[in-house]
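Colleague: Provided herewith: target19.csv, CSV, C-alpha atoms and all ligand atoms.
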chain,number,residue,atom,x,y,z
A,531,MET,CA,0.0,0.0,0.0
A,532,GLN,CA,1.2,3.5,-0.7
A,533,TYR,CA,0.5,6.4,1.7
A,534,VAL,CA,-0.1,10.1,1.1
A,535,SER,CA,-0.3,13.1,3.2
A,536,PHE,CA,-3.8,14.5,4.1
A,537,PRO,CA,-3.8,18.3,4.3
A,538,GLY,CA,-3.8,19.4,7.9
A,539,HIS,CA,-3.5,15.8,9.4
A,540,PRO,CA,-0.3,14.2,10.7
A,541,LEU,CA,-1.1,10.6,9.7
A,542,PRO,CA,0.0,9.5,6.2
A,543,VAL,CA,-3.2,7.9,4.8
A,544,SER,CA,-3.5,5.0,2.5
A,545,ARG,CA,-4.0,5.9,-1.2
A,546,ILE,CA,-7.2,3.9,-1.0
A,547,CYS,CA,-10.0,4.8,1.5
A,548,LEU,CA,-12.5,2.1,2.4
A,549,GLY,CA,-16.1,3.0,1.7
A,550,THR,CA,-18.5,1.5,4.2
A,551,MET,CA,-21.9,2.6,2.8
A,552,MET,CA,-22.8,-1.1,2.4
A,553,PHE,CA,-22.2,-1.9,6.1
A,554,GLY,CA,-25.6,-2.5,7.7
A,555,ASP,CA,-27.0,-3.0,4.2
A,556,LYS,CA,-25.5,-5.7,2.1
A,557,CYS,CA,-22.9,-6.4,4.8
A,558,ASP,CA,-24.0,-7.6,8.2
A,559,ALA,CA,-22.0,-7.0,11.4
A,560,ALA,CA,-19.8,-10.1,11.0
A,561,LEU,CA,-19.0,-9.4,7.3
A,562,SER,CA,-18.3,-5.7,8.0
A,563,GLU,CA,-15.8,-6.7,10.7
A,564,ALA,CA,-14.1,-9.2,8.4
A,565,LEU,CA,-13.8,-6.5,5.6
A,566,VAL,CA,-12.3,-4.0,8.0
A,567,ALA,CA,-9.9,-6.6,9.4
A,568,LYS,CA,-8.8,-7.6,5.9
A,569,ALA,CA,-8.4,-3.9,4.9
A,570,LEU,CA,-6.2,-3.2,8.0
A,571,GLU,CA,-4.1,-6.3,7.4
A,572,LEU,CA,-3.5,-5.2,3.8
A,573,GLY,CA,-2.5,-1.6,4.8
A,574,ILE,CA,-5.6,0.5,4.5
A,575,ASN,CA,-5.9,2.9,7.4
A,576,ALA,CA,-8.6,5.3,6.1
A,577,PHE,CA,-12.3,4.7,6.4
A,578,ASP,CA,-15.3,6.6,5.2
A,579,THR,CA,-18.7,6.4,6.8
A,580,ALA,CA,-21.8,8.6,7.4
A,581,ALA,CA,-24.5,8.9,10.0
A,582,MET,CA,-27.1,8.3,7.4
A,583,TYR,CA,-25.7,5.0,6.1
A,584,SER,CA,-28.1,2.3,7.2
A,585,ALA,CA,-29.5,4.6,9.8
A,586,GLY,CA,-26.2,4.6,11.8
A,587,ALA,CA,-25.4,0.9,11.5
A,588,SER,CA,-22.4,1.6,9.2
A,589,GLU,CA,-20.9,3.8,11.9
A,590,GLN,CA,-21.7,1.2,14.6
A,591,TYR,CA,-20.1,-1.7,12.7
A,592,LEU,CA,-17.1,0.3,11.6
A,593,GLY,CA,-16.5,1.5,15.2
A,594,ARG,CA,-16.8,-2.0,16.5
A,595,ALA,CA,-14.4,-3.4,13.9
A,596,LEU,CA,-11.8,-0.7,14.7
A,597,ARG,CA,-12.1,-0.9,18.5
A,598,SER,CA,-8.8,-2.6,19.2
A,599,VAL,CA,-6.7,-0.5,16.7
A,600,PRO,CA,-4.6,2.3,18.2
A,601,ARG,CA,-6.6,5.4,17.5
A,602,ASP,CA,-3.7,7.4,16.1
A,603,GLN,CA,-3.0,4.8,13.4
A,604,ILE,CA,-6.4,5.2,11.6
A,605,PHE,CA,-8.2,8.0,9.8
A,606,VAL,CA,-12.0,8.0,10.2
A,607,ALA,CA,-14.3,10.3,8.3
A,608,THR,CA,-18.0,10.7,8.9
A,609,LYS,CA,-20.7,13.1,7.9
A,610,VAL,CA,-23.5,15.3,9.3
A,611,ALA,CA,-26.8,13.5,9.5
A,612,LYS,CA,-29.2,16.3,10.1
A,613,GLY,CA,-29.5,19.9,9.0
A,614,ILE,CA,-26.5,22.2,8.9
A,615,ASP,CA,-27.7,24.7,11.6
A,616,ARG,CA,-25.5,24.8,14.8
A,617,ARG,CA,-27.7,22.5,16.9
A,618,SER,CA,-28.0,19.8,14.2
A,619,ILE,CA,-24.3,19.8,13.6
A,620,ILE,CA,-23.3,19.5,17.3
A,621,GLU,CA,-26.0,16.9,18.0
A,622,SER,CA,-25.1,15.0,14.9
A,623,ILE,CA,-21.4,14.7,15.7
A,624,ASP,CA,-22.1,13.7,19.3
A,625,GLU,CA,-24.4,10.9,18.1
A,626,SER,CA,-21.9,9.7,15.5
A,627,LEU,CA,-19.1,9.6,18.1
A,628,GLY,CA,-21.5,7.5,20.3
A,629,ARG,CA,-22.1,5.0,17.5
A,630,LEU,CA,-18.5,4.8,16.5
A,631,GLN,CA,-17.4,4.6,20.2
A,632,MET,CA,-14.7,7.1,19.5
A,633,ALA,CA,-13.6,10.2,21.3
A,634,TYR,CA,-13.1,12.0,18.0
A,635,VAL,CA,-13.1,11.5,14.3
A,636,ASP,CA,-10.4,12.7,11.9
A,637,LEU,CA,-12.6,14.4,9.4
A,638,TYR,CA,-16.2,15.6,9.9
A,639,LEU,CA,-18.0,16.5,6.6
A,640,ILE,CA,-21.1,18.3,5.7
A,641,HIS,CA,-22.8,15.7,3.5
A,642,TRP,CA,-24.3,18.0,0.9
A,643,PRO,CA,-25.3,21.6,0.4
A,644,VAL,CA,-28.9,22.6,1.1
A,645,PRO,CA,-30.8,25.6,-0.2
A,646,GLY,CA,-30.7,28.7,2.0
A,647,MET,CA,-27.5,27.6,3.9
A,648,ASN,CA,-26.3,29.9,6.6
A,649,LEU,CA,-22.6,29.6,6.0
A,650,THR,CA,-21.5,31.6,9.1
A,651,GLU,CA,-23.6,29.4,11.4
A,652,MET,CA,-22.3,26.3,9.7
A,653,MET,CA,-18.6,27.2,9.8
A,654,GLY,CA,-19.0,28.4,13.4
A,655,ALA,CA,-20.5,25.1,14.5
A,656,LEU,CA,-17.8,23.1,12.6
A,657,ASN,CA,-15.2,25.2,14.4
A,658,GLU,CA,-16.8,24.4,17.7
A,659,ALA,CA,-16.5,20.7,16.9
A,660,VAL,CA,-12.8,21.1,16.2
A,661,VAL,CA,-12.1,23.3,19.3
A,662,GLY,CA,-14.1,20.8,21.4
A,663,GLY,CA,-11.8,18.0,20.3
A,664,LYS,CA,-14.6,16.1,18.5
A,665,THR,CA,-12.9,16.2,15.1
A,666,ARG,CA,-9.4,17.0,13.9
A,667,LEU,CA,-10.5,18.4,10.5
A,668,VAL,CA,-13.7,19.5,8.9
A,669,GLY,CA,-14.7,19.4,5.2
A,670,CYS,CA,-17.7,19.1,2.9
A,671,CYS,CA,-19.1,16.8,0.2
A,672,ASN,CA,-20.6,17.8,-3.1
A,673,PHE,CA,-19.9,21.5,-2.7
A,674,PRO,CA,-19.4,23.6,-5.8
A,675,ALA,CA,-16.1,25.5,-5.8
A,676,TYR,CA,-17.6,28.9,-5.1
A,677,LEU,CA,-19.5,27.6,-2.1
A,678,LEU,CA,-16.4,26.1,-0.5
A,679,ALA,CA,-14.5,29.3,-1.2
A,680,SER,CA,-17.2,31.4,0.4
A,681,ALA,CA,-17.4,29.2,3.5
A,682,ASN,CA,-13.6,29.3,3.9
A,683,ALA,CA,-13.5,33.1,3.5
A,684,ILE,CA,-16.0,33.4,6.4
A,685,ALA,CA,-13.9,30.9,8.5
A,686,ALA,CA,-10.7,32.7,7.7
A,687,ALA,CA,-12.2,36.1,8.7
A,688,ASN,CA,-13.2,34.7,12.1
A,689,GLY,CA,-10.1,32.7,12.7
A,690,TRP,CA,-12.1,29.4,12.5
A,691,ALA,CA,-11.2,26.0,11.2
A,692,LEU,CA,-11.2,25.8,7.4
A,693,LEU,CA,-12.9,23.2,5.2
A,694,ARG,CA,-9.9,21.0,4.2
A,695,CYS,CA,-11.6,18.4,2.0
A,696,ASN,CA,-14.2,18.2,-0.7
A,697,GLN,CA,-15.6,14.7,-1.1
A,698,VAL,CA,-17.0,14.4,-4.6
A,699,ALA,CA,-18.2,11.9,-7.2
A,700,TYR,CA,-15.5,11.3,-9.8
A,701,ASN,CA,-15.1,8.5,-12.3
A,702,LEU,CA,-14.6,8.0,-16.0
A,703,ILE,CA,-18.2,8.8,-16.7
A,704,GLU,CA,-18.9,11.6,-14.1
A,705,ARG,CA,-16.2,14.2,-14.8
A,706,GLY,CA,-17.9,17.5,-13.9
A,707,VAL,CA,-15.5,18.2,-11.0
A,708,GLU,CA,-12.6,18.6,-13.5
A,709,VAL,CA,-13.9,22.0,-14.4
A,710,GLU,CA,-13.7,23.9,-11.1
A,711,ILE,CA,-13.5,21.7,-8.1
A,712,LEU,CA,-10.2,19.8,-8.8
A,713,PRO,CA,-8.3,22.9,-9.9
A,714,GLN,CA,-9.5,24.7,-6.8
A,715,ALA,CA,-8.4,21.8,-4.6
A,716,ARG,CA,-4.9,21.9,-6.2
A,717,LEU,CA,-4.5,25.7,-5.7
A,718,GLU,CA,-5.9,25.8,-2.1
A,719,LYS,CA,-4.2,22.5,-1.1
A,720,LEU,CA,-7.5,20.8,-0.3
A,721,ALA,CA,-7.9,17.1,-0.1
A,722,ILE,CA,-10.2,15.5,-2.6
A,723,THR,CA,-11.7,12.2,-1.7
A,724,ALA,CA,-13.4,10.7,-4.7
A,725,TYR,CA,-16.4,8.6,-4.2
A,726,ARG,CA,-18.1,6.4,-6.8
A,727,PRO,CA,-14.8,5.7,-8.6
A,728,LEU,CA,-16.4,2.6,-10.1
A,729,ALA,CA,-19.6,4.3,-11.1
A,730,ILE,CA,-21.5,2.2,-8.6
A,731,GLY,CA,-19.9,-0.9,-9.9
A,732,LEU,CA,-20.6,-0.3,-13.6
A,733,LEU,CA,-16.9,0.1,-14.5
A,734,THR,CA,-16.1,-3.3,-13.1
A,735,GLY,CA,-17.6,-5.0,-16.2
A,736,ARG,CA,-20.2,-6.9,-14.2
A,737,LEU,CA,-23.1,-5.2,-16.1
A,738,MET,CA,-22.5,-5.1,-19.8
A,739,PRO,CA,-24.8,-4.3,-22.8
A,740,GLY,CA,-27.0,-7.3,-23.7
A,741,MET,CA,-25.9,-9.3,-20.7
A,742,PRO,CA,-28.5,-10.7,-18.2
A,743,MET,CA,-28.6,-8.5,-15.1
A,744,GLU,CA,-26.6,-9.9,-12.2
A,745,SER,CA,-29.1,-9.9,-9.4
A,746,ALA,CA,-26.5,-9.4,-6.6
A,747,ALA,CA,-25.0,-6.3,-8.1
A,748,ARG,CA,-26.1,-3.0,-6.7
A,749,GLY,CA,-26.2,-1.3,-10.1
A,750,THR,CA,-29.1,-3.4,-11.4
A,751,THR,CA,-31.5,-1.5,-9.3
A,752,ASP,CA,-30.0,1.9,-9.8
A,753,SER,CA,-31.4,4.2,-12.5
A,754,ARG,CA,-28.2,6.0,-12.9
A,755,VAL,CA,-26.3,2.8,-13.7
A,756,LEU,CA,-29.0,1.7,-16.2
A,757,THR,CA,-28.8,5.2,-17.9
A,758,TRP,CA,-25.0,5.1,-18.1
A,759,LEU,CA,-25.2,1.6,-19.5
A,760,SER,CA,-27.5,2.7,-22.3
A,761,GLN,CA,-25.4,5.8,-23.0
A,762,HIS,CA,-21.9,4.3,-22.7
A,763,GLY,CA,-22.4,0.6,-23.4
A,764,ARG,CA,-19.9,0.6,-26.4
A,765,SER,CA,-17.3,2.5,-24.4
A,766,LEU,CA,-17.7,0.1,-21.5
A,767,GLU,CA,-17.1,-2.8,-23.8
A,768,ARG,CA,-13.9,-1.2,-25.1
A,769,PHE,CA,-12.8,-0.3,-21.6
A,770,VAL,CA,-13.3,-3.8,-20.2
A,771,ALA,CA,-11.5,-5.4,-23.2
A,772,TYR,CA,-8.6,-3.0,-22.8
A,773,ALA,CA,-8.2,-3.8,-19.1
A,774,HIS,CA,-8.3,-7.6,-19.7
A,775,ASN,CA,-5.7,-7.2,-22.5
A,776,LYS,CA,-3.4,-5.5,-20.0
A,777,GLY,CA,-4.1,-8.2,-17.4
A,778,ILE,CA,-5.7,-5.7,-15.1
A,779,GLU,CA,-9.2,-6.0,-13.5
A,780,PRO,CA,-11.5,-3.3,-15.0
A,781,ALA,CA,-12.3,-2.2,-11.4
A,782,GLN,CA,-8.7,-1.6,-10.7
A,783,LEU,CA,-8.1,0.3,-13.9
A,784,ALA,CA,-11.1,2.5,-13.2
A,785,ALA,CA,-10.0,3.3,-9.7
A,786,ALA,CA,-6.4,3.9,-10.8
A,787,TRP,CA,-7.6,6.4,-13.4
A,788,VAL,CA,-9.3,8.4,-10.6
A,789,MET,CA,-6.4,8.0,-8.1
A,790,GLU,CA,-3.8,9.1,-10.6
A,791,ASN,CA,-5.4,12.5,-11.1
A,792,PRO,CA,-2.9,14.8,-9.2
A,793,ALA,CA,-5.7,16.6,-7.4
A,794,VAL,CA,-7.1,13.4,-5.9
A,795,THR,CA,-6.0,12.4,-2.5
A,796,GLN,CA,-7.8,9.1,-2.3
A,797,PRO,CA,-10.5,7.2,-4.2
A,798,ILE,CA,-13.1,5.8,-1.8
A,799,LEU,CA,-13.7,2.3,-2.8
A,800,GLY,CA,-17.0,0.9,-1.7
A,801,VAL,CA,-16.8,-2.9,-0.9
A,802,SER,CA,-19.2,-5.6,0.0
A,803,SER,CA,-16.9,-8.7,-0.1
A,804,LEU,CA,-13.4,-9.8,0.8
A,805,THR,CA,-12.5,-10.2,-2.8
A,806,GLN,CA,-13.3,-6.6,-3.4
A,807,VAL,CA,-11.1,-5.5,-0.5
A,808,GLU,CA,-8.2,-7.5,-2.0
A,809,SER,CA,-8.8,-6.0,-5.4
A,810,ALA,CA,-9.0,-2.5,-3.9
A,811,VAL,CA,-5.6,-2.7,-2.2
A,812,ARG,CA,-3.9,-3.5,-5.5
A,813,VAL,CA,-5.1,-0.4,-7.2
A,814,PRO,CA,-2.0,1.6,-6.5
A,815,GLU,CA,0.1,-1.0,-8.3
A,816,VAL,CA,-1.6,-0.1,-11.6
A,817,GLN,CA,0.6,2.5,-13.3
A,818,LEU,CA,-0.7,4.3,-16.4
A,819,THR,CA,1.5,6.1,-18.8
A,820,ASP,CA,0.2,9.5,-20.0
A,821,ALA,CA,-0.6,7.9,-23.3
A,822,GLU,CA,-2.5,5.0,-21.7
A,823,ARG,CA,-4.4,7.4,-19.4
A,824,GLN,CA,-5.4,9.5,-22.5
A,825,GLU,CA,-6.5,6.4,-24.3
A,826,VAL,CA,-8.7,5.2,-21.5
A,827,THR,CA,-10.1,8.8,-21.0
A,828,ASP,CA,-11.0,9.0,-24.7
A,829,MET,CA,-13.0,5.8,-24.7
A,830,PHE,CA,-15.8,7.6,-22.9
A,831,GLN,CA,-17.1,10.8,-24.5
A,832,THR,CA,-17.7,12.5,-21.1
A,833,GLU,CA,-15.5,15.6,-21.2
A,834,VAL,CA,-17.5,18.5,-19.7
A,835,THR,CA,-17.4,21.7,-21.8
A,836,GLU,CA,-18.6,24.9,-20.2
A,837,GLU,CA,-21.2,27.1,-21.7
A,838,GLY,CA,-19.8,30.4,-23.1
A,839,LEU,CA,-16.2,29.2,-23.2
A,840,GLN,CA,-16.3,27.0,-26.2
A,841,ARG,CA,-13.2,26.4,-28.2
A,842,PHE,CA,-13.4,27.9,-31.7
A,843,PRO,CA,-11.3,26.2,-34.4
A,844,GLY,CA,-8.4,28.4,-35.4
A,845,THR,CA,-8.4,30.6,-32.3
A,846,LYS,CA,-5.2,30.8,-30.2
A,847,TYR,CA,-6.7,30.0,-26.8
A,848,ASN,CA,-8.4,26.8,-25.7
A,849,PHE,CA,-10.2,28.1,-22.6
A,850,PRO,CA,-11.9,24.9,-21.4
A,851,ARG,CA,-8.6,23.1,-21.4
A,852,LEU,CA,-6.8,26.1,-19.8
A,853,ARG,CA,-9.4,26.4,-17.0
A,854,ARG,CA,-9.0,22.8,-16.0
A,855,ASN,CA,-5.2,23.1,-15.9
A,856,LEU,CA,-4.3,22.0,-12.4
A,857,SER,CA,-1.4,24.5,-12.2
A,858,LEU,CA,-3.0,27.6,-13.6
A,859,ALA,CA,-1.9,29.5,-10.5
A,860,VAL,CA,0.3,28.8,-7.5
A,861,LYS,CA,0.2,29.9,-3.9
A,862,GLU,CA,3.1,29.6,-1.5
B,901,LIG,N1,-20.3,11.9,0.2
B,901,LIG,C1,-21.2,11.4,-0.6
B,901,LIG,O1,-22.2,12.0,-0.9
B,901,LIG,C2,-21.1,9.9,-1.0
B,901,LIG,C3,-22.0,9.3,-1.8
B,901,LIG,C4,-21.9,8.0,-2.2
B,901,LIG,C5,-20.8,7.2,-1.6
B,901,LIG,N2,-19.9,7.8,-0.8
B,901,LIG,C6,-18.8,7.0,-0.2
B,901,LIG,O2,-18.1,6.4,-1.3
B,901,LIG,C7,-18.0,5.0,-1.1
B,901,LIG,C8,-18.0,4.4,-2.5
B,901,LIG,O3,-19.2,4.7,-3.2
B,901,LIG,P1,-20.0,3.6,-4.0
B,901,LIG,O4,-20.0,2.4,-3.2
B,901,LIG,O5,-21.3,4.2,-4.4
B,901,LIG,O6,-19.3,3.5,-5.4
B,901,LIG,P2,-18.2,2.6,-6.1
B,901,LIG,O7,-17.0,2.4,-5.3
B,901,LIG,O8,-18.1,3.2,-7.4
B,901,LIG,O9,-19.0,1.2,-6.2
B,901,LIG,C9,-18.9,0.2,-5.2
B,901,LIG,C10,-19.6,-1.1,-5.7
B,901,LIG,O10,-18.8,-1.6,-6.8
B,901,LIG,C11,-18.8,-3.0,-6.7
B,901,LIG,N3,-17.4,-3.4,-6.6
B,901,LIG,C12,-16.4,-2.9,-5.8
B,901,LIG,N4,-15.2,-3.5,-6.0
B,901,LIG,C13,-15.4,-4.4,-7.0
B,901,LIG,C14,-14.6,-5.3,-7.7
B,901,LIG,N5,-13.3,-5.4,-7.4
B,901,LIG,N6,-15.1,-6.1,-8.6
B,901,LIG,C15,-16.4,-6.0,-8.9
B,901,LIG,N7,-17.3,-5.2,-8.3
B,901,LIG,C16,-16.8,-4.4,-7.3
B,901,LIG,C17,-19.6,-3.4,-5.4
B,901,LIG,O11,-20.9,-3.7,-5.8
B,901,LIG,P3,-21.7,-4.9,-5.1
B,901,LIG,O12,-21.9,-4.4,-3.7
B,901,LIG,O13,-23.0,-4.9,-5.9
B,901,LIG,O14,-20.9,-6.1,-5.2
B,901,LIG,C18,-19.5,-2.1,-4.6
B,901,LIG,O15,-20.6,-2.0,-3.7
B,901,LIG,C19,-19.2,4.6,-0.3
B,901,LIG,O16,-19.0,3.4,0.4
B,901,LIG,C20,-19.3,5.8,0.7
B,901,LIG,O17,-18.3,5.7,1.7
B,901,LIG,C21,-20.0,9.1,-0.4
Using the file provided, produce a representation of the structure as structure tokens.

Modeller:
Amino acid sequence: MQYVSFPGHPLPVSRICLGTMMFGDKCDAALSEALVAKALELGINAFDTAAMYSAGASEQYLGRALRSVPRDQIFVATKVAKGIDRRSIIESIDESLGRLQMAYVDLYLIHWPVPGMNLTEMMGALNEAVVGGKTRLVGCCNFPAYLLASANAIAAANGWALLRCNQVAYNLIERGVEVEILPQARLEKLAITAYRPLAIGLLTGRLMPGMPMESAARGTTDSRVLTWLSQHGRSLERFVAYAHNKGIEPAQLAAAWVMENPAVTQPILGVSSLTQVESAVRVPEVQLTDAERQEVTDMFQTEVTEEGLQRFPGTKYNFPRLRRNLSLAVKE
């Protein structure tokens, strides 16, 4: 396993974060414990959960599975369950710590933005959680770049803890974050933890065009997966064949593609079996050359182009490409 620094945290974290959304759902307590034990044995030290996963069971099972591991050797992230007003944030983290049976988490995340957010109240409450020793770091999930920047401007003006991480969906099919969020993370030295790196299992090759649906796979009941399958079926076939030709599992190729983006700290790999944990830990062994990376990227026609900044043939500047350049500006 490779390790990487997580902005603002002293523990080097594994390149792969274990996603525990299926704990309490597809995975009962015993299987959840076995998955965590295997992950620890193979070098994973970072775990992602949320209060809303299986109504708290994911936190409970994860906490139980980690109970005998020295606390300073693991990195645990969880997310706000309720609203983002002060009371909800403070109540929510206390309840999460109770379910996890931990004195603190390493990263506490706002799960998603809500209309009419009071950013000052939200950042003040997150700061309270840091000052109270309930979390080492705070962050957000699914925030557009401008919202994260506004929240951090408020925190900076008040001397409060800053959002240090944006947890976002990122995979070969969902690439919207390349436009603003990943470049912002590079400039501001924010962590990016990328969820859904396998597009809910679609990029593993288990669901292919014309193939009978595998009843055990989560994707069969997910409308997003069925839509992507109809939109990107031919691309998926090319991708899966390419991986097999290279002797790599498609799941590992898909996750390595996410991990190798220089703005990404860790892909969060969701698992529901021991084989999937074993597959996940080998992702960092997959090395793509620039040419291979481009080849894989080009298999899916998913590049996001912004309105109003189109590239005109023959003009000197290619603004869409310029804007997603990860080194457009630097800060010391
Ligand atoms: N912040 C947020 O808003 C947010 C949202 C969603 C998820 N997350 C986090 O991100 C994690 C990952 O998300 P995700 O589970 O939706 O996406 P994912 O990692 O793209 O997909 C995981 C699914 O892919 C299948 N899979 C995994 N490894 C495989 C392998 N080697 N071979 C074949 N199939 C494999 C499994 O499906 P089966 O179970 O069907 O076998 C697994 O449940 C979650 O656990 C959670 O911690 C965060």

Colleague: Find the residues of chain A that sit at most 6 Å from ligand LIG 901 (chain B); for each, write down the nearest two atoms and how far apart they are in Å, to one decimal. Count all atoms listed in the file. Sort by chain, then by number going up, and give it as a Markdown table.

Modeller:
| residue | atom | partner | partner_atom | distance |
| --- | --- | --- | --- | --- |
| A:Gly549 | CA | B:LIG901 | O16 | 3.2 |
| A:Thr550 | CA | B:LIG901 | O16 | 4.3 |
| A:Met551 | CA | B:LIG901 | O16 | 3.8 |
| A:Asp578 | CA | B:LIG901 | O17 | 4.7 |
| A:Thr579 | CA | B:LIG901 | O17 | 5.2 |
| A:His641 | CA | B:LIG901 | N1 | 5.6 |
| A:Cys671 | CA | B:LIG901 | N1 | 5.0 |
| A:Gln697 | CA | B:LIG901 | N1 | 5.6 |
| A:Tyr725 | CA | B:LIG901 | O2 | 4.0 |
| A:Arg726 | CA | B:LIG901 | O8 | 3.3 |
| A:Pro727 | CA | B:LIG901 | O8 | 4.3 |
| A:Leu728 | CA | B:LIG901 | O8 | 3.2 |
| A:Ala729 | CA | B:LIG901 | O8 | 4.1 |
| A:Ile730 | CA | B:LIG901 | O9 | 3.6 |
| A:Gly731 | CA | B:LIG901 | O10 | 3.4 |
| A:Thr734 | CA | B:LIG901 | C15 | 5.0 |
| A:Ala746 | CA | B:LIG901 | O13 | 5.7 |
| A:Ala747 | CA | B:LIG901 | O13 | 3.3 |
| A:Arg748 | CA | B:LIG901 | O13 | 3.7 |
| A:Ala781 | CA | B:LIG901 | N5 | 5.2 |
| A:Ile798 | CA | B:LIG901 | C7 | 5.0 |
| A:Leu799 | CA | B:LIG901 | O7 | 4.1 |
| A:Gly800 | CA | B:LIG901 | O4 | 3.7 |
| A:Val801 | CA | B:LIG901 | C18 | 4.6 |
| A:Ser802 | CA | B:LIG901 | O12 | 4.7 |
| A:Gln806 | CA | B:LIG901 | N5 | 4.2 |
| A:Ser809 | CA | B:LIG901 | N5 | 5.0 |

Colleague: Kindly give the distance, in Å, that separates atom CA of A:Arg597 and atom CA of A:Ser626, rounded to a single decimal.

Modeller: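 According to the coordinates, atom CA of A:Arg597 and atom CA of A:Ser626 are separated by 14.7 Å.
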
Colleague: For stretch 701-714 of chain A, list every protein, DNA or RNA residue within 7 Å, evaluated using all atoms listed in the file, and leave out those in the same chain fewer than 5 positions away; present the list as a list in words.

Modeller: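 Answer for this query is Pro674, Ala675, Arg726, Pro727, Leu728, Ala729, Val788, Ala793, Thr827, Phe830, Thr832, Glu833, Val834, Arg853, Arg854, Asn855 and Leu856 of chain A.
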
Colleague: Just to be explicit: take each residue in the selection above, keep C-alpha atoms, and write the result as a compact mmCIF listing (two decimals), in the frame of the given file.

Modeller:
# COMPACT_ATOMS: atom_id res chain seq x y z
CA PRO A 674 -19.40 23.60 -5.80
CA ALA A 675 -16.10 25.50 -5.80
CA ARG A 726 -18.10 6.40 -6.80
CA PRO A 727 -14.80 5.70 -8.60
CA LEU A 728 -16.40 2.60 -10.10
CA ALA A 729 -19.60 4.30 -11.10
CA VAL A 788 -9.30 8.40 -10.60
CA ALA A 793 -5.70 16.60 -7.40
CA THR A 827 -10.10 8.80 -21.00
CA PHE A 830 -15.80 7.60 -22.90
CA THR A 832 -17.70 12.50 -21.10
CA GLU A 833 -15.50 15.60 -21.20
CA VAL A 834 -17.50 18.50 -19.70
CA ARG A 853 -9.40 26.40 -17.00
CA ARG A 854 -9.00 22.80 -16.00
CA ASN A 855 -5.20 23.10 -15.90
CA LEU A 856 -4.30 22.00 -12.40

Colleague: Rounded to one decimal place, report the atom CA of A:Arg545-atom CA of A:Met789 distance in Å.

Modeller: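 If I compute the distance from atom CA of A:Arg545 to atom CA of A:Met789, I get 7.6 Å.
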
Colleague: Which residue, A:Gln824, A:Asn575, A:Ser588, A:Thr835, has the smallest gap to A:Ser544 when you use only C-alpha atoms?

Modeller: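 Smallest distance to A:Ser544 is found for A:Asn575.
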
Colleague: Expressed in Å to a single decimal, how great is the separation between atom CA of A:Arg823 and atom CA of A:Ser765?

Modeller: 14.7 Å

Colleague: Which of these, A:Leu592, A:Ala681, A:Ala633, A:Ile623, has the shortest distance to A:Ala659 once you count all atoms listed in the file?

Modeller: A:Ile623

Colleague: Within 8 Å of A:Leu541, counting all atoms listed in the file, which residues show up once you throw out same-chain ones fewer than 5 positions away? Write them as a VMD selection string, please.

Modeller: chain A and resid 535 to 536 602 to 605

Colleague: Select, from A:Val770, A:Arg594, A:Leu759, A:Pro814, the residue with the minimum atom-to-atom distance to A:Val534, counting only C-alpha atoms.

Modeller: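 Comparing A:Val770, A:Arg594, A:Leu759, A:Pro814 against A:Val534, the winner is A:Pro814.
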
Colleague: Name the residues, using the chain letters and numbers of the file, that sit within 9 Å of (-19.8, 25.9, 16.6) when counting only C-alpha atoms, and give them as a count of residues only.

Modeller: 15

Colleague: What lies within 6 Å of stretch 606-614 of chain A using all atoms listed in the file, ignoring chain neighbours under 5 positions off, as a PDB file with C-alpha atoms, in the frame of the given file?

Modeller:
ATOM      1  CA  ALA A 576      -8.600   5.300   6.100  1.00  0.00           C
ATOM      2  CA  PHE A 577     -12.300   4.700   6.400  1.00  0.00           C
ATOM      3  CA  ASP A 578     -15.300   6.600   5.200  1.00  0.00           C
ATOM      4  CA  THR A 579     -18.700   6.400   6.800  1.00  0.00           C
ATOM      5  CA  ALA A 580     -21.800   8.600   7.400  1.00  0.00           C
ATOM      6  CA  ALA A 581     -24.500   8.900  10.000  1.00  0.00           C
ATOM      7  CA  MET A 582     -27.100   8.300   7.400  1.00  0.00           C
ATOM      8  CA  ILE A 619     -24.300  19.800  13.600  1.00  0.00           C
ATOM      9  CA  SER A 622     -25.100  15.000  14.900  1.00  0.00           C
ATOM     10  CA  VAL A 635     -13.100  11.500  14.300  1.00  0.00           C
ATOM     11  CA  ASP A 636     -10.400  12.700  11.900  1.00  0.00           C
ATOM     12  CA  LEU A 637     -12.600  14.400   9.400  1.00  0.00           C
ATOM     13  CA  TYR A 638     -16.200  15.600   9.900  1.00  0.00           C
ATOM     14  CA  LEU A 639     -18.000  16.500   6.600  1.00  0.00           C
ATOM     15  CA  ILE A 640     -21.100  18.300   5.700  1.00  0.00           C
ATOM     16  CA  HIS A 641     -22.800  15.700   3.500  1.00  0.00           C
ATOM     17  CA  MET A 652     -22.300  26.300   9.700  1.00  0.00           C
TER      18      MET A 652
END

Colleague: Dump as number ranges by chain all residues having an atom at most 9 Å from (-16.1, -6.3, -16.2), computed in the file's coordinates with only C-alpha atoms.

Modeller: A: 732-738, 766-767, 769-771, 773-774, 779-781
